Each structure stands twice: as C-alpha cells, then as structure tokens.
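Here's the structure we're looking at; comments come further down.
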Amino acid sequence: MIDWVLFVVLALVTLGGALKVVSAEDLVHVVLWLAVTLLGTAGFYAMLDAGFLAAIQVLLYTGGVITLMLFAVLLVRREGGHIPAGGVAEPARAGVVALATAALSGFAIVRGGLLEGEAYRLEPKALGQVLLGPLALPFEALSVLLLAAMVGAIVLARRKDA
Amino acid sequence: MIENPWVWGAVSGLVVVNVFMGVAAWSIWFERKFAGRMQNRPGPTQVGPFGLLQPVADLLKLLQKEDITPKNADAVLFNIAPPLGLLTVLGGMAVFPWGPGAWVPADLDVGILFTLSIASLMTIPVWMAGWASNNKYALIGGMRAAAQAVSFEVPLLLSALVPIILGGSFKLGDIVAAQADGAWFALWPPGPGAVAFLLFLLCSLAEANRIPFDIPEAESELVAGITTEYIGMKFGLFYLAEYMHTLIGSFLGAALFLGGWDGPGPDGVHWLVAKGLGLFALIFWIRWSLLRYRADQFMSVCWKILVPVALCTVSAAAVWKVYA
C-alpha cells in the first residue's frame, strides 16, 4: 500500500517536473524543474532497492550536471531579470514524437519481460568487478573519448590571440 | 513499536535534527566567544551568564524583522531558497553512525554516498538565492558558489574514496568499525590516510563556504554575496545552514578518518561528539587566523594542487589495500 502511494507521488513529481521543463517560460526555472525530475528518478531507483544507482544519480546528475547547467545559464544574456526559454515551437509534432517514444519503450518493457520477476539488485562491488574485469576495455575507451572531448573543448574555447 | 521503521525514522530524525539545531545555535555563541578571545575582547557578555542566552536573543531579533522580498526578485525562488538550503544540509545526517551497533538512524548500504550526494545538493539553493535576488553582488556570489562547488566536489569525493577503499565498504558503520582499537585512517596506514584527511578538511571548508574559501560571500568585495538581499529569518536560515554544513563536515571527518565512536576506554557516542566538536573548533580557529583566497587563486589551488594530490592519494591507498 505504502509502496503504491510512494510510487504515485514519485511519478507525479517526475512527470510534473518533466512537463514544466518543456513548458516553463524562464530558462532558470527549466533547469530547476529538470533537477526535480532527476531527483524523482533517483527516488524510483531507491524504491527498487538500487541505492547505489540512486546515490550516483543525485551526486552526478543533480549535484554535478545541474550545477554546471546553472553555471552556464549565467553566461546567457538576461532580459529584465529573467532569461526567456525557447518553449516548444511545434507542440503537435513534439507530442507525436513523445508519444511514439513512450509507446516504443512501453512495448520493449512489456515484451522484454521486465514486468515479471524481482528487480535485480546490483551490488557496488559486483559493478566494480564487471567494469574493471570483462568490460575494462570499453570502459577505458570511454574515458579516452571523454578526455579527447575535453581537450577538444579547451582548444575550441581558447582565444586565438591568447 | 520502535521496530516499526516509520516510528523509528520519525523519532531518531526528530532527536538528531533538534540536537544538531541546538548545537549549531550555541556554536555561534561559542564562535563569537572564541573570536573575541583571539582578538583580545570578551565577546558577548550581556544576555545571560557569559552571554549564554545570546542565541535566543538573536533568534527573537531575527523573527521580529520585517519580511522583505525585493520588488524585481523572482519571488518563489527567493523565498524557497533558505528553507531548501537547510533541508539539504539536514538530510545527510540520516545515515550517521553515532555509536556501535544500532546507533544509526538508517544504516544504508551506500551511506557515505548518500551523505555526500545530499551535501552536493546544497549548491542549488545557494545559487538560487544568488539568482533570484536580482542583485549584481548576489549574482556574482551565486556564480562563484557554482564554480566552487563543481571544482571542489572532485578532491572532496576523491579524498572520501580513501576511507572507502581502506574500509572496503560504502556503509558508514562499517568504515568506522574498520578503524576500531585505534587503527584510525588518519594515522594508519601512514601517508595516504593523513593526506586524505587534510584534503577532506580543506574541501569541507570550501563546501561550507568558510574562510579561507568563503568567496561566494566575500564581504569585502561582494557586500554579503548571495545573502545581500536577505534579512530576518530568511537570512537566519542561511546562516544556520552554513553552520550546520560545517558541523556535519566536522562529524563526517571524525567518522571517516578519526575512528568515529572509537577511543580509549569505553567506546560510544561521547568520542564521536568530542572529535567532531574538536574539528569544528579547529575550523573556527582557521577562520579567525587566515585571510580569504582570491577567486582565481582558489581555483588554481583546487585544480593544480588538490586534484593531483588527491589522485595520488587514492592510488597509494589502493596499492596499500592490495599489497599490504
């Protein structure tokens, strides 16, 4: 019973936040609503007994990515106390794409048998052993890719005369 | 009745939060006395014996002030920022091991990650306050707070990784238990633990915006930084949140590196409190002794010194764990 109440509250928070992300008029509000949505997702992970994933979600996404976004927002031009967000230019097409995506993932969840059985509980230790064992090569390749992206960003951002 | 998780959560939460709030309020009195003594003056003396009732007087004063929201401010964000700030600080205490065994409100498997992730949320209300005030000093303060948080998160997490590696668990209770009988991580193994402890202390100062790293508030350049437009209890909540943040950082440092509730004689919550408050006093001492870093110096200290040192420390701890 309590699980259901929690689930419904979390779902409302997550979906409501997501709706506000596309409909809010101020860019700052958009970023803050995104934080609400991401926290809601972390709540789902916690409900599924995936504490590690929930903590990482809050630490990296809400604590890290959102902070970076807020930092970047301040570099944008401001008009009379707020930054207008673009909003949804074509609601009809956006709606169709959103519904199609939801239908596709819903189909995958039902056909993939994800509704049956217990949630798989991932121990941090097992995750570490997989990442540094069988998956070590792809894992390292990803870090090299990120490093390359970082170097590229620095090169692009560097002024010519400096 | 106490076995019911809802009852246990409510009771332990209520006790921990209220005790911490009280300690934070009187720590302001303690800091004023401490600072006064360092500057050869008595500090508060008028309200109650030794000025002990000063926090009560301050609270009454703050509550009486007019509640002002600036005309061009983003009213919603401006008003929810202070309570949100306090909330993010308080949340992290839920997993704290106060003593051996059942002295933990919620002993999560990923306790340390939980505390650190909740603490990392603090930036959002601080930034919100800076933005919503619609004041240039507050805005610069908010921008600095975001830059500082993004940078200092890196060495802070890396230094917290050292006790996780050495203790072999994300559970705060296990990390403390691994240091039983004087094998504190700040002392043993010699080297990585002590360096990580220093890094953790420095980064906690930055996370809680304390001197020498209080650049988001920097009163000599930014008036009062993010709190410029805040008065009354809204200002009070920010002030309290900052103290609580420092207090929790000290207790976390005591649990991660100084053996938590372990000590000579009977183990228990008294050792944790003594160590936590000792670190807290050390932070005051630093605050009233040092000068503030400039924003750019501060960034280069973080990225050019603290991050490489932290990476080396983590590697050293991993090598120790595997080979020793």
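Order determines the names: the first chain of the structure tokens is A, the second B, and so forth; residues in each chain are numbered 1 upward, and ligands are numbered 1 upward as they are shown.
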Contact set, chain B to chain A: 6 Å, only C-alpha atoms, as JSON, numbers by chain:
{"B": [110, 113, 114, 117, 120, 121, 146]}
Expected answer as a list in words: helix (DSSP H, G or I) residues in stretch 101-141 of chain B:
Gly111, Ile112, Leu113, Phe114, Thr115, Leu116, Ser117, Ile118, Ala119, Ser120, Leu121, Thr123, Ile124, Pro125, Val126, Trp127, Met128, Ala129, Gly130, Trp131, Ala132, Lys136, Tyr137, Ala138, Leu139, Ile140 and Gly141 of chain B
Would you put the residues from that selection into a file with N, CA, C and O atoms, as a compact mmCIF listing (two decimals), in the first residue's frame?
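Okay, this is what ended up in part_3.txt:
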# COMPACT_ATOMS: atom_id res chain seq x y z
N GLY B 111 25.69 4.48 2.54
CA GLY B 111 25.57 5.62 3.44
C GLY B 111 26.44 6.81 3.09
O GLY B 111 25.95 7.93 2.99
N ILE B 112 27.73 6.54 2.87
CA ILE B 112 28.66 7.65 2.62
C ILE B 112 28.30 8.38 1.34
O ILE B 112 28.31 9.61 1.27
N LEU B 113 27.90 7.60 0.30
CA LEU B 113 27.49 8.23 -0.96
C LEU B 113 26.23 9.06 -0.75
O LEU B 113 26.08 10.14 -1.33
N PHE B 114 25.32 8.55 0.08
CA PHE B 114 24.09 9.29 0.37
C PHE B 114 24.40 10.65 0.98
O PHE B 114 23.94 11.68 0.51
N THR B 115 25.24 10.65 2.04
CA THR B 115 25.60 11.91 2.69
C THR B 115 26.25 12.87 1.72
O THR B 115 25.89 14.05 1.66
N LEU B 116 27.21 12.37 0.94
CA LEU B 116 27.93 13.26 0.03
C LEU B 116 27.01 13.78 -1.06
O LEU B 116 27.12 14.94 -1.46
N SER B 117 26.07 12.93 -1.54
CA SER B 117 25.22 13.40 -2.62
C SER B 117 24.23 14.45 -2.10
O SER B 117 23.95 15.43 -2.78
N ILE B 118 23.73 14.25 -0.87
CA ILE B 118 22.82 15.26 -0.32
C ILE B 118 23.58 16.58 -0.11
O ILE B 118 23.09 17.66 -0.41
N ALA B 119 24.84 16.46 0.36
CA ALA B 119 25.63 17.67 0.58
C ALA B 119 25.87 18.40 -0.73
O ALA B 119 25.90 19.63 -0.76
N SER B 120 26.02 17.63 -1.83
CA SER B 120 26.30 18.29 -3.10
C SER B 120 25.09 19.07 -3.60
O SER B 120 25.21 19.96 -4.43
N LEU B 121 23.89 18.77 -3.07
CA LEU B 121 22.69 19.49 -3.49
C LEU B 121 22.66 20.92 -2.95
O LEU B 121 21.96 21.77 -3.47
N THR B 123 24.48 23.35 -3.26
CA THR B 123 24.80 24.39 -4.23
C THR B 123 23.56 24.99 -4.88
O THR B 123 23.52 26.16 -5.19
N ILE B 124 22.54 24.13 -5.09
CA ILE B 124 21.38 24.61 -5.84
C ILE B 124 20.64 25.73 -5.11
O ILE B 124 20.42 26.78 -5.68
N PRO B 125 20.28 25.54 -3.81
CA PRO B 125 19.65 26.67 -3.12
C PRO B 125 20.54 27.90 -3.02
O PRO B 125 20.04 29.03 -3.15
N VAL B 126 21.84 27.69 -2.83
CA VAL B 126 22.74 28.85 -2.75
C VAL B 126 22.72 29.61 -4.07
O VAL B 126 22.59 30.84 -4.10
N TRP B 127 22.82 28.87 -5.16
CA TRP B 127 22.80 29.50 -6.47
C TRP B 127 21.47 30.20 -6.70
O TRP B 127 21.39 31.31 -7.22
N MET B 128 20.37 29.50 -6.28
CA MET B 128 19.02 30.03 -6.44
C MET B 128 18.89 31.38 -5.76
O MET B 128 18.32 32.32 -6.32
N ALA B 129 19.44 31.47 -4.54
CA ALA B 129 19.37 32.72 -3.79
C ALA B 129 20.10 33.81 -4.55
O ALA B 129 19.61 34.94 -4.68
N GLY B 130 21.27 33.48 -5.08
CA GLY B 130 22.06 34.47 -5.81
C GLY B 130 21.33 34.96 -7.04
O GLY B 130 21.30 36.16 -7.33
N TRP B 131 20.69 34.05 -7.74
CA TRP B 131 20.00 34.41 -8.97
C TRP B 131 18.72 35.18 -8.67
O TRP B 131 18.46 36.23 -9.26
N ALA B 132 17.91 34.66 -7.76
CA ALA B 132 16.58 35.20 -7.55
C ALA B 132 16.61 36.59 -6.94
O ALA B 132 15.66 37.35 -7.08
N LYS B 136 23.41 42.47 -8.39
CA LYS B 136 24.64 42.03 -9.06
C LYS B 136 25.60 41.35 -8.10
O LYS B 136 26.27 40.39 -8.48
N TYR B 137 25.65 41.82 -6.86
CA TYR B 137 26.58 41.19 -5.91
C TYR B 137 26.14 39.75 -5.60
O TYR B 137 26.95 38.83 -5.53
N ALA B 138 24.81 39.61 -5.42
CA ALA B 138 24.29 38.27 -5.14
C ALA B 138 24.55 37.34 -6.31
O ALA B 138 24.92 36.18 -6.15
N LEU B 139 24.39 37.89 -7.54
CA LEU B 139 24.58 37.07 -8.74
C LEU B 139 26.03 36.60 -8.85
O LEU B 139 26.29 35.43 -9.13
N ILE B 140 26.96 37.52 -8.62
CA ILE B 140 28.38 37.12 -8.67
C ILE B 140 28.64 36.06 -7.60
O ILE B 140 29.33 35.07 -7.85
N GLY B 141 28.05 36.26 -6.42
CA GLY B 141 28.22 35.28 -5.34
C GLY B 141 27.70 33.92 -5.76
O GLY B 141 28.35 32.90 -5.55
Could you give me, as a VMD selection string, the residues within 8 Å of stretch 220-237 of chain B, counting only C-alpha atoms and dropping anything in the same chain fewer than 2 positions from it?
chain B and resid 59 61 to 68 70 79 82 to 83 85 to 86 126 to 127 129 to 130 133 135 137 to 142 216 to 218 239 to 241
What's around A:Gly16 at 8 Å? Count only C-alpha atoms, leave out sequence neighbours fewer than 4 positions away in its own chain, and write the answer as a ChimeraX atom specification.
/A:12,20,37
Selection to disk with N, CA and C atoms, as a PDB file, in the first residue's frame:
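Generated file (again10.pdb):
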ATOM      1  N   LEU A  12       4.142  11.407 -10.079  1.00  0.00           N
ATOM      2  CA  LEU A  12       3.583  12.746 -10.304  1.00  0.00           C
ATOM      3  C   LEU A  12       4.689  13.794 -10.285  1.00  0.00           C
ATOM      4  N   LYS A  20       6.995  20.620 -16.793  1.00  0.00           N
ATOM      5  CA  LYS A  20       7.414  22.000 -16.557  1.00  0.00           C
ATOM      6  C   LYS A  20       8.720  22.299 -17.295  1.00  0.00           C
ATOM      7  N   THR A  37      12.909  16.609 -11.694  1.00  0.00           N
ATOM      8  CA  THR A  37      12.670  15.355 -12.426  1.00  0.00           C
ATOM      9  C   THR A  37      13.768  14.336 -12.132  1.00  0.00           C
TER      10      THR A  37
END
Write out as an NGL selection string which residues come within 12 Å of B:Ile165 when counting only C-alpha atoms, dropping same-chain ones fewer than 2 positions away.
(:A and (125)) or (:B and (158-163 or 167-171 or 174-175 or 178 or 185 or 189 or 192-193 or 196 or 256 or 313-322))
